[in-house]
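First up is the structure itself, then whatever we jot down about it.
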Amino acid sequence: MLLEVRKLVFSDDLLQQALLNHFKIENIAVPNTQIQKVRFSANTGKASSIVVEFVTADPKKPYEVRLNEQFVLTAMIMTCKTYGVPLPRDATKTLQLTKQGLAMTVSMKVDTSTPVQKAAG
């Protein structure tokens, strides 16, 4: 078996842009303010959760929007489409927090049962 794995790391700015665009697409009402912070928590055996904090008058009490992993993955996938980043449709996509930012890991099993024949030159 051969397993292909790619990791696409989104900077904080690009992740925020992706989420804001997806809020609009899904008609989800969010404050008309900047995102203060995006918190990611990985849950062992369960889907990850993401909390988006929006700036409010009281910095200690931001407006929070809780998102499921699928919403964030869809936002990231749509952003990849916007920028022409190819993604295999049937690959498994998961979220992972890295030092560089939130990453979408794309993994796909490659069929090794039949070698691909080269065309005659």
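Labeling convention for the structure tokens: chains A, B, ... as they appear, residues from 1 per chain, ligands from 1 in order of appearance.
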Residue set, range 65-116 of chain A restricted to strand (DSSP E), as a PyMOL selection string: chain A and resi 65-68+92-97+102-110
Could you give me, as CSV, a per-residue list for range 21-70 of chain A showing, wherever an atom lies at most 12 Å from an atom of range 94-115 of chain A, the closest pair of atoms and their distance in Å to one decimal, using only C-alpha atoms and sorting by chain then residue number from low to high?
residue,atom,partner,partner_atom,distance
A:Val38,CA,A:Leu102,CA,9.6
A:Arg39,CA,A:Leu102,CA,9.8
A:Phe40,CA,A:Leu97,CA,7.3
A:Ser41,CA,A:Leu97,CA,8.5
A:Ala42,CA,A:Gln96,CA,7.7
A:Asn43,CA,A:Gln96,CA,10.9
A:Thr44,CA,A:Gln96,CA,11.9
A:Lys46,CA,A:Thr94,CA,11.5
A:Ala47,CA,A:Thr94,CA,9.0
A:Ser48,CA,A:Leu95,CA,7.5
A:Ser49,CA,A:Leu95,CA,9.7
A:Ile50,CA,A:Leu95,CA,10.1
A:Asn68,CA,A:Leu95,CA,10.8
A:Glu69,CA,A:Leu95,CA,7.3
A:Gln70,CA,A:Thr94,CA,8.8
Atom-to-atom span, CA of Val52 in chain A and CA of Lys7 in chain A, Å: 22.2 Å
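Listed by chain and then by rising number, the residues of chain A that DSSP assigns to helix (DSSP H, G or I) from the backbone are Asp12, Asp13, Leu14, Leu15, Gln16, Gln17, Ala18, Leu19, Leu20, Asn21, His22, Phe23, Lys24, Ile25, Glu69, Gln70, Phe71, Val72, Leu73, Thr74, Ala75, Met76, Ile77, Met78, Thr79, Cys80, Lys81 and Thr82 of chain A.
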Atom-to-atom span, CA of Glu4 in chain A and CA of Val85 in chain A, Å: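 CA of Val85 in chain A lies at a distance of 16.1 Å from CA of Glu4 in chain A.
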Distance criterion (only C-alpha atoms): nearest to Leu19 in chain A out of A:Val116, A:Cys80, A:Val72, A:Leu87: A:Val72
Atom-to-atom span, CA of Pro86 in chain A and CA of Ser11 in chain A, Å: 18.3 Å
Find the residues around Pro31 in chain A up to 9 Å (only C-alpha atoms counted), leave out those fewer than 6 positions away in its own chain, and share them as a PDB file with N, CA and C atoms, in the first residue's frame.
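Just written: part36.pdb:
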ATOM      1  N   PHE A  54     -14.435  37.344  18.095  1.00  0.00           N
ATOM      2  CA  PHE A  54     -14.514  38.640  17.428  1.00  0.00           C
ATOM      3  C   PHE A  54     -14.279  39.750  18.446  1.00  0.00           C
ATOM      4  N   VAL A  55     -13.669  40.818  17.993  1.00  0.00           N
ATOM      5  CA  VAL A  55     -13.381  41.975  18.837  1.00  0.00           C
ATOM      6  C   VAL A  55     -14.690  42.596  19.311  1.00  0.00           C
ATOM      7  N   THR A  56     -14.744  42.926  20.600  1.00  0.00           N
ATOM      8  CA  THR A  56     -15.881  43.654  21.183  1.00  0.00           C
ATOM      9  C   THR A  56     -15.333  44.842  21.966  1.00  0.00           C
ATOM     10  N   TYR A  63     -16.896  38.239  21.378  1.00  0.00           N
ATOM     11  CA  TYR A  63     -18.048  37.514  20.851  1.00  0.00           C
ATOM     12  C   TYR A  63     -17.507  36.224  20.239  1.00  0.00           C
TER      13      TYR A  63
END
Counting only C-alpha atoms, the option among A:Thr79, A:Thr92, A:Asn27, A:Thr33 closest to Phe10 in chain A: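 Among the listed residues, the smallest separation from Phe10 in chain A belongs to A:Thr79.
Restricting the calculation to only C-alpha atoms, the smallest distance between Val5 in chain A and any of A:Val30, A:Glu64, A:Ala91, A:Gln117 is found for A:Ala91.
For the residues A:Lys37, A:Lys24, A:Gln16, A:Ile77, ranking by smallest atom-to-atom distance to Arg89 in chain A using only C-alpha atoms places A:Ile77 first.
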